[in-house]
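S.K.: One structure, as structure tokens, below. Some questions next.
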2 protein chains.
Amino acid sequence: MTVLRVAAELGYVPNMSAGLLAAGTSRVIGAVLPSVRNSAFYNYTVGMRREATKRGFEVITMIAETPEEELSSVQTLLGLRVAGVALVAGPHAPELHHLMDRCGTPVVESWGGENAIGSGVGYNVGDASRDVTRHLIAQGRRRIGFVQISGGGGLRYAHRLPAFQQEMFRAGLADDLVLTIRASDGFGAGAQIINDLVAREPRLDAVLCPSDIVAAGAVFECNRRGLSVPKEIAIAGWGDYDIGRQLTPTLTTIAPFADEIGISAVSALLNASDRDQSPIQTRYALYIRESA
Amino acid sequence: MTVLRVAAELGYVPNMSAGLLAAGTSRVIGAVLPSVRNSAFYNYTVGMRREATKRGFEVITMIAETPEEELSSVQTLLGLRVAGVALVAGPHAPELHHLMDRCGTPVVESWGGENAIGSGVGYNVGDASRDVTRHLIAQGRRRIGFVQISGGGGLRYAHRLPAFQQEMFRAGLADDLVLTIRASDGFGAGAQIINDLVAREPRLDAVLCPSDIVAAGAVFECNRRGLSVPKEIAIAGWGDYDIGRQLTPTLTTIAPFADEIGISAVSALLNASDRDQSPIQTRYALYIRESA
DNA sequence: AACCAGTATTGTAGCGCTACAATAACATGT
DNA sequence: ACATGTTATTGTAGCGCTACAATACTGGTT
């Protein structure tokens, strides 16, 4: 036993490469993230780490902003012979599908569900979108604008718009007040969307934003214009970010329970033996606060 | 050559463990981050990836929220026999120093500088703090509150308070309006600090916040109280986060050029052969905007 | 004392590569 | 034709571990 003490003293760390090479399995799982600027992805990693630690695994993450970077990250991870790869839904390099099919390493794709690579984990974005829309309609809002995100992130939320339009149609309301912004716009988009939507519909009385960040930007712009939220206009966010709780008014939003996605992703990865390919649904909630 | 095509077709990825074991070196560098909830750390990883890619390396990151997690992350990375380890300044597990000393793997510690493990990379936090303080004093502010962060993150900013106090003393002003908040408080801290500081000094005319997030919270609280920013009270942030540009008023802040820290960290790691242990100073800037 | 099942110990092949030695093929000069 | 230098090809040891076979010890039976 004392040999271990001395070993530790000397800074010895077992060579995982060798161990892995000999044993053929490692206790490391790899996650590829498309940027980590928002707390949702952060919570996702927290969930992954919690579940992984519980089962004696470690999580290493690689950040990839483009499909090409994602592919090369996955190759690195596969080269390291990780026990599993956790992907996030989004546009993938075409080779990636092929690679994951043949490599034999378990994969999950989170935040998407639909025709995922490997098993899918995510919450029902369509239902969530329906919930917010119904809530706004029930409030008596009639001219509701919808803002969607283009580019990579947009893919994760493909079901939002159809669900919105379906609900609007069912209520006999116009569902064409739709605006598309670039994914990277951050807070700055908020001002833009209020300008554009008001220009198109002066009597605009609600906006459904793709994230709390955009929603916060929209609230700032409404303040500048002297438009009162929620009296004259309702603003709904998405993602339950910190800022939504602190803003005046606090933001009504969809909370995606991102940590549960992480937990389920790791579980799916490590139970990949039982070929239960049915997508895992995680929970979400509509938090009704002051802004809508 | 066609064999490579077939190999790729079959989803073959070279086993890095084997290659590493044989060659003794990998082209992967490992970074350990203490959470990635703010854009500063994100930009840091962007810089690291840019520089690493340029030199033909990959970056894998592990997130560790406690010194123990950090230690175990480093062990995993060392087990993987990465080419270098990039740490972020903060409280480390005592074993970590010892481990890094003996393991022979190059290390850098970023965001700190002072008595770093391995080579240090960071900007001069003291100078930055001095700059903001001088700016506030030059504006005619006299009763300036200073908010610091306790816990892990606080260590990265240890030089802020002394620099502030030095400048205040030099200007003949009271330097004891100091408040300490917990690192994790986010936006919520903003309200708290305005309450506490005003209670201690009703004629408070400026606050130096530890982050733009806290500063934004403070601005929100001032709005609620009907305190006009910057007319009655100046609010300075730190970190140049997105929100600071979008808030009304926009936030005066310190921009740390985090991507440069990342670039320098990777350079230091890969040039570790030349034992140039002198800390690397990266740039920063005081962005004077509306709030102060 | 001889036997056997059960347990602890030691020894060794081999994981998939890379580095480099050994060898083969070739060009050049006398 | 042969020696010599130069480049291309092939072969092989070994990186640090793990899995498992081989062997050495137990203690309880007959």
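Going through the structure tokens in order, the chains are called A, B, and so on, while each chain numbers its residues from 1 and the ligands are numbered from 1 in the order shown.
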For Arg289 in chain B, list every protein, DNA or RNA residue within 9 Å, evaluated using only C-alpha atoms (C1' of nucleotides), and leave out those in the same chain fewer than 6 positions away; present the list as JSON, numbers by chain.

M.R.: {"B": [245, 249, 250, 251, 252, 253]}

S.K.: Could you turn the residues from that selection into a file that holds all heavy atoms, as a tab-separated table (two decimals), in the first residue's frame?

M.R.:
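Result written to out-v4.tsv:
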chain	number	residue	atom	x	y	z
B	245	ARG	N	-23.18	46.26	-23.40
B	245	ARG	CA	-23.34	47.08	-24.60
B	245	ARG	C	-24.80	47.38	-24.87
B	245	ARG	O	-25.13	48.27	-25.65
B	245	ARG	CB	-22.77	46.34	-25.81
B	245	ARG	CG	-21.31	45.97	-25.68
B	245	ARG	CD	-20.92	44.94	-26.72
B	245	ARG	NE	-19.52	44.55	-26.55
B	245	ARG	CZ	-18.50	45.19	-27.12
B	245	ARG	NH1	-18.74	46.22	-27.91
B	245	ARG	NH2	-17.27	44.81	-26.91
B	249	PRO	N	-28.30	52.66	-19.24
B	249	PRO	CA	-27.17	53.11	-20.05
B	249	PRO	C	-26.17	52.00	-20.31
B	249	PRO	O	-26.12	51.05	-19.52
B	249	PRO	CB	-26.54	54.18	-19.15
B	249	PRO	CG	-26.80	53.69	-17.77
B	249	PRO	CD	-28.17	53.07	-17.84
B	250	THR	N	-25.38	52.14	-21.38
B	250	THR	CA	-24.33	51.16	-21.65
B	250	THR	C	-23.27	51.23	-20.55
B	250	THR	O	-23.03	52.28	-19.97
B	250	THR	CB	-23.67	51.44	-23.01
B	250	THR	OG1	-23.28	52.82	-23.05
B	250	THR	CG2	-24.63	51.17	-24.16
B	251	LEU	N	-22.65	50.10	-20.29
B	251	LEU	CA	-21.75	50.02	-19.13
B	251	LEU	C	-20.30	50.38	-19.43
B	251	LEU	O	-19.70	49.85	-20.37
B	251	LEU	CB	-21.76	48.59	-18.57
B	251	LEU	CG	-22.98	48.09	-17.82
B	251	LEU	CD1	-22.76	46.66	-17.36
B	251	LEU	CD2	-23.30	49.00	-16.64
B	252	THR	N	-19.76	51.22	-18.61
B	252	THR	CA	-18.31	51.43	-18.60
B	252	THR	C	-17.69	50.20	-17.97
B	252	THR	O	-18.17	49.71	-16.94
B	252	THR	CB	-17.99	52.69	-17.77
B	252	THR	OG1	-18.41	53.83	-18.51
B	252	THR	CG2	-16.49	52.79	-17.48
B	253	THR	N	-16.64	49.69	-18.58
B	253	THR	CA	-16.15	48.38	-18.13
B	253	THR	C	-14.69	48.17	-18.50
B	253	THR	O	-14.12	48.92	-19.30
B	253	THR	CB	-17.02	47.27	-18.75
B	253	THR	OG1	-16.78	46.04	-18.07
B	253	THR	CG2	-16.72	47.08	-20.23

S.K.: Give as a list of chain:residue names every residue of chain A that touches chain B within 6 Å, counting only C-alpha atoms.

M.R.: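 Per the criterion, chain A yields A:Gly11, A:Val13, A:Pro14, A:Asn15, A:Met16, A:Ser17, A:Arg37, A:Ser39, A:Ile60, A:Thr61, A:Met62, A:Gly79, A:Leu80, A:Leu99, A:Arg102, A:Cys103.
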
S.K.: Give me a file of those residues, with N, CA, C and O atoms, as a short mmCIF file (atom, residue, chain, number, x, y, z; two decimals), in the first residue's frame.

M.R.:
data_model
loop_
_atom_site.label_atom_id
_atom_site.label_comp_id
_atom_site.auth_asym_id
_atom_site.auth_seq_id
_atom_site.Cartn_x
_atom_site.Cartn_y
_atom_site.Cartn_z
N GLY A 11 4.39 11.95 -8.20
CA GLY A 11 3.60 12.53 -9.28
C GLY A 11 3.24 11.51 -10.35
O GLY A 11 2.98 11.84 -11.49
N VAL A 13 1.02 9.31 -12.52
CA VAL A 13 -0.36 9.18 -12.95
C VAL A 13 -0.38 8.05 -13.97
O VAL A 13 0.39 8.08 -14.92
N PRO A 14 -1.23 7.04 -13.76
CA PRO A 14 -1.23 5.91 -14.68
C PRO A 14 -1.43 6.39 -16.12
O PRO A 14 -2.21 7.30 -16.36
N ASN A 15 -0.75 5.79 -17.03
CA ASN A 15 -0.89 6.16 -18.43
C ASN A 15 -2.15 5.53 -19.00
O ASN A 15 -2.22 4.35 -19.28
N MET A 16 -3.13 6.38 -19.14
CA MET A 16 -4.42 5.93 -19.62
C MET A 16 -4.34 5.36 -21.02
O MET A 16 -5.06 4.44 -21.36
N SER A 17 -3.47 5.93 -21.83
CA SER A 17 -3.34 5.45 -23.20
C SER A 17 -2.97 3.98 -23.19
O SER A 17 -3.53 3.17 -23.91
N ARG A 37 -21.73 29.72 -24.61
CA ARG A 37 -21.91 31.07 -24.10
C ARG A 37 -23.15 31.23 -23.27
O ARG A 37 -23.35 32.24 -22.64
N SER A 39 -26.10 29.74 -20.43
CA SER A 39 -26.14 28.88 -19.26
C SER A 39 -26.82 27.55 -19.56
O SER A 39 -26.62 26.59 -18.84
N ILE A 60 -14.92 14.78 -20.96
CA ILE A 60 -14.09 15.82 -21.56
C ILE A 60 -14.91 16.46 -22.66
O ILE A 60 -15.70 15.81 -23.34
N THR A 61 -14.75 17.76 -22.80
CA THR A 61 -15.58 18.44 -23.79
C THR A 61 -14.69 19.13 -24.81
O THR A 61 -13.57 19.52 -24.53
N MET A 62 -15.23 19.22 -26.02
CA MET A 62 -14.55 19.98 -27.05
C MET A 62 -15.55 20.96 -27.63
O MET A 62 -16.72 20.63 -27.79
N GLY A 79 -10.32 9.07 -31.72
CA GLY A 79 -8.92 8.67 -31.68
C GLY A 79 -8.48 8.37 -30.26
O GLY A 79 -7.70 7.47 -30.00
N LEU A 80 -9.04 9.11 -29.34
CA LEU A 80 -8.76 8.89 -27.92
C LEU A 80 -9.48 7.65 -27.41
O LEU A 80 -9.28 7.22 -26.29
N LEU A 99 -19.41 8.31 -40.29
CA LEU A 99 -18.37 7.97 -39.32
C LEU A 99 -18.98 7.34 -38.08
O LEU A 99 -18.53 6.30 -37.60
N ARG A 102 -20.28 3.73 -38.39
CA ARG A 102 -19.36 2.60 -38.52
C ARG A 102 -18.41 2.44 -37.35
O ARG A 102 -17.82 1.37 -37.19
N CYS A 103 -18.23 3.50 -36.57
CA CYS A 103 -17.13 3.43 -35.61
C CYS A 103 -17.45 2.55 -34.41
O CYS A 103 -16.55 2.11 -33.72
#

S.K.: Would you list the contacts of Asp175 in chain B as a PyMOL selection string, taking every protein, DNA or RNA residue within 12 Å and counting only C-alpha atoms (C1' of nucleotides), but skipping same-chain residues closer than 4 positions in sequence?

M.R.: chain B and resi 133+142-147+161-171+179+207-208

S.K.: What parts of range 134-196 of chain A does DSSP call alpha helix (DSSP H)? I'd like the answer as a list in words.

M.R.: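 Answer for range 134-196 of chain A, restricted to alpha helix (DSSP H): Arg134, His135, Leu136, Ile137, Ala138, Gly152, Gly153, Gly154, Leu155, Arg160, Leu161, Pro162, Ala163, Phe164, Gln165, Gln166, Glu167, Met168, Phe169, Arg170, Gly188, Ala189, Gly190, Ala191, Gln192, Ile193, Ile194, Asn195 and Asp196 of chain A.
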
S.K.: Give as a list of chain:residue names every residue of chain C that touches chain B within 10 Å, counting only C-alpha atoms (C1' of nucleotides).

M.R.: C:DC15, C:DG16, C:DC17, C:DT18, C:DA19

S.K.: What are the closest atom pairs, with distances in Å to one decimal, for all residues of chain D lying within 12 Å of chain B? Consider only C-alpha atoms (C1' of nucleotides), order rows by chain and residue number, and present the result as CSV.

M.R.:
residue,atom,partner,partner_atom,distance
D:DA13,C1',B:Ala22,CA,10.9
D:DG14,C1',B:Ala22,CA,7.8
D:DC15,C1',B:Ala22,CA,4.6
D:DG16,C1',B:Leu21,CA,7.5
D:DC17,C1',B:Leu21,CA,9.9

S.K.: So that I can check the surroundings of DA22 in chain C, please list as a ChimeraX atom specification every protein, DNA and RNA residue that reaches within 10 Å of it, counting only C-alpha atoms (C1' of nucleotides) and ignoring chain neighbours fewer than 3 positions away.

M.R.: /D:10-12

S.K.: Could you write out that same residue set with C-alpha atoms (C1' of nucleotides) as a PDB file, in the first residue's frame?

M.R.:
ATOM      1  C1'  DT D  10      10.476  -3.813 -44.875  1.00  0.00           C
ATOM      2  C1'  DG D  11      10.907  -5.672 -40.175  1.00  0.00           C
ATOM      3  C1'  DT D  12      10.761  -5.413 -35.372  1.00  0.00           C
TER       4       DT D  12
END

S.K.: Tell me, as a list of chain:residue names, which residues lie within 9 Å of His159 in chain A, counting only C-alpha atoms (C1' of nucleotides); anything in the same chain fewer than 3 positions away does not count.

M.R.: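 Everything that qualifies: A:Asn124, A:Val125, A:Gly126, A:Asp127, A:Ser129, A:Leu155, A:Arg156, A:Pro162, A:Ala163, A:Phe164.
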
S.K.: Show me, as a ChimeraX atom specification, the residues that have an atom within 9 Å of range 27-29 of chain C when counting only C-alpha atoms (C1' of nucleotides), minus same-chain residues fewer than 4 positions from it.

M.R.: /D:4-6

S.K.: Residues of range 12-174 of chain B classed as strand (DSSP E) by DSSP on the backbone are to be reported as a PyMOL selection string.

M.R.: chain B and resi 28-33+58-63+84-88+107-110+119-123+144-150

S.K.: Please dump the current selection as a compact mmCIF listing (two decimals), in the first residue's frame; keep N, CA and C atoms.

M.R.:
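File produced: out06.txt:
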# COMPACT_ATOMS: atom_id res chain seq x y z
N VAL B 28 -2.52 17.01 -28.51
CA VAL B 28 -3.74 17.47 -27.84
C VAL B 28 -3.33 18.24 -26.61
N ILE B 29 -3.88 19.41 -26.42
CA ILE B 29 -3.61 20.06 -25.15
C ILE B 29 -4.90 20.16 -24.35
N GLY B 30 -4.77 20.07 -23.06
CA GLY B 30 -5.93 20.01 -22.19
C GLY B 30 -6.09 21.29 -21.41
N ALA B 31 -7.32 21.77 -21.33
CA ALA B 31 -7.60 22.99 -20.56
C ALA B 31 -8.63 22.67 -19.49
N VAL B 32 -8.41 23.17 -18.31
CA VAL B 32 -9.39 23.00 -17.24
C VAL B 32 -10.00 24.36 -16.96
N LEU B 33 -11.32 24.42 -17.01
CA LEU B 33 -12.00 25.70 -16.80
C LEU B 33 -12.88 25.62 -15.56
N GLU B 58 -4.94 20.14 -30.99
CA GLU B 58 -6.36 20.23 -30.63
C GLU B 58 -6.46 20.59 -29.15
N VAL B 59 -7.57 21.16 -28.78
CA VAL B 59 -7.78 21.51 -27.37
C VAL B 59 -8.96 20.71 -26.84
N ILE B 60 -8.75 20.00 -25.76
CA ILE B 60 -9.89 19.42 -25.07
C ILE B 60 -10.03 20.12 -23.74
N THR B 61 -11.26 20.34 -23.33
CA THR B 61 -11.45 21.08 -22.09
C THR B 61 -12.23 20.24 -21.09
N MET B 62 -11.94 20.48 -19.85
CA MET B 62 -12.71 19.85 -18.80
C MET B 62 -13.18 20.95 -17.86
N ILE B 63 -14.38 20.82 -17.39
CA ILE B 63 -14.92 21.84 -16.50
C ILE B 63 -14.84 21.33 -15.07
N GLY B 84 0.11 19.37 -23.01
CA GLY B 84 0.21 20.48 -22.08
C GLY B 84 -1.10 20.68 -21.36
N VAL B 85 -1.04 21.32 -20.22
CA VAL B 85 -2.24 21.56 -19.42
C VAL B 85 -2.38 23.06 -19.18
N ALA B 86 -3.54 23.60 -19.49
CA ALA B 86 -3.81 25.01 -19.24
C ALA B 86 -4.77 25.14 -18.08
N LEU B 87 -4.31 25.80 -17.04
CA LEU B 87 -5.11 25.98 -15.83
C LEU B 87 -5.61 27.42 -15.76
N VAL B 88 -6.64 27.62 -14.96
CA VAL B 88 -7.10 28.97 -14.69
C VAL B 88 -6.81 29.27 -13.23
N VAL B 107 2.80 23.30 -18.16
CA VAL B 107 1.59 23.88 -17.59
C VAL B 107 1.61 25.38 -17.75
N VAL B 108 0.45 25.97 -17.93
CA VAL B 108 0.32 27.42 -17.76
C VAL B 108 -0.85 27.67 -16.85
N GLU B 109 -0.79 28.78 -16.17
CA GLU B 109 -1.92 29.19 -15.35
C GLU B 109 -2.32 30.57 -15.83
N SER B 110 -3.54 30.69 -16.28
CA SER B 110 -4.00 31.95 -16.86
C SER B 110 -4.87 32.73 -15.90
N SER B 119 4.09 28.54 -16.19
CA SER B 119 4.18 29.94 -16.59
C SER B 119 2.81 30.61 -16.44
N GLY B 120 2.84 31.88 -16.11
CA GLY B 120 1.60 32.61 -15.87
C GLY B 120 1.25 33.50 -17.05
N VAL B 121 -0.03 33.58 -17.33
CA VAL B 121 -0.50 34.47 -18.39
C VAL B 121 -1.69 35.26 -17.85
N GLY B 122 -1.70 36.54 -18.09
CA GLY B 122 -2.84 37.31 -17.64
C GLY B 122 -2.63 38.79 -17.88
N TYR B 123 -3.66 39.56 -17.63
CA TYR B 123 -3.50 41.00 -17.77
C TYR B 123 -3.30 41.59 -16.38
N ILE B 144 -17.20 56.48 -3.37
CA ILE B 144 -17.17 55.36 -4.30
C ILE B 144 -17.19 54.03 -3.56
N GLY B 145 -18.17 53.22 -3.91
CA GLY B 145 -18.25 51.89 -3.30
C GLY B 145 -17.51 50.87 -4.16
N PHE B 146 -16.93 49.88 -3.49
CA PHE B 146 -16.18 48.85 -4.19
C PHE B 146 -16.77 47.49 -3.82
N VAL B 147 -17.09 46.70 -4.83
CA VAL B 147 -17.67 45.38 -4.56
C VAL B 147 -16.69 44.32 -5.01
N GLN B 148 -16.38 43.40 -4.12
CA GLN B 148 -15.47 42.34 -4.51
C GLN B 148 -16.17 40.99 -4.38
N ILE B 149 -15.57 40.01 -5.02
CA ILE B 149 -16.15 38.68 -5.05
C ILE B 149 -15.36 37.79 -4.12
N SER B 150 -16.05 37.03 -3.31
CA SER B 150 -15.37 36.07 -2.46
C SER B 150 -15.34 34.73 -3.17

S.K.: Using only C-alpha atoms (C1' of nucleotides), which protein or nucleic acid residues come within 12 Å of DT30 in chain C? Drop anything in the same chain fewer than 5 positions from it, and give the result as a ChimeraX atom specification.

M.R.: /D:1-4

S.K.: Could you work out how far CA of Arg182 in chain A lies from CA of Ile254 in chain A, giving the answer in Å with one decimal?

M.R.: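 Those two atoms sit 20.4 Å apart.
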
S.K.: Give me, please, the distance in Å between CA of Pro94 in chain B and CA of Arg5 in chain A, quoted to one decimal.

M.R.: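 Calculated distance between CA of Pro94 in chain B and CA of Arg5 in chain A is 15.5 Å.
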
S.K.: Listing only residues of chain D within 9 Å of range 3-9 of chain C, what is the closest atom pair and its distance in Å (to one decimal) for each, using only C-alpha atoms (C1' of nucleotides), sorted by chain and residue number ascending, as CSV?

M.R.:
residue,atom,partner,partner_atom,distance
D:DT23,C1',C:DT9,C1',8.1
D:DA24,C1',C:DT9,C1',6.9
D:DC25,C1',C:DA8,C1',7.1
D:DT26,C1',C:DT7,C1',7.2
D:DT29,C1',C:DC3,C1',8.2
D:DT30,C1',C:DC3,C1',8.2
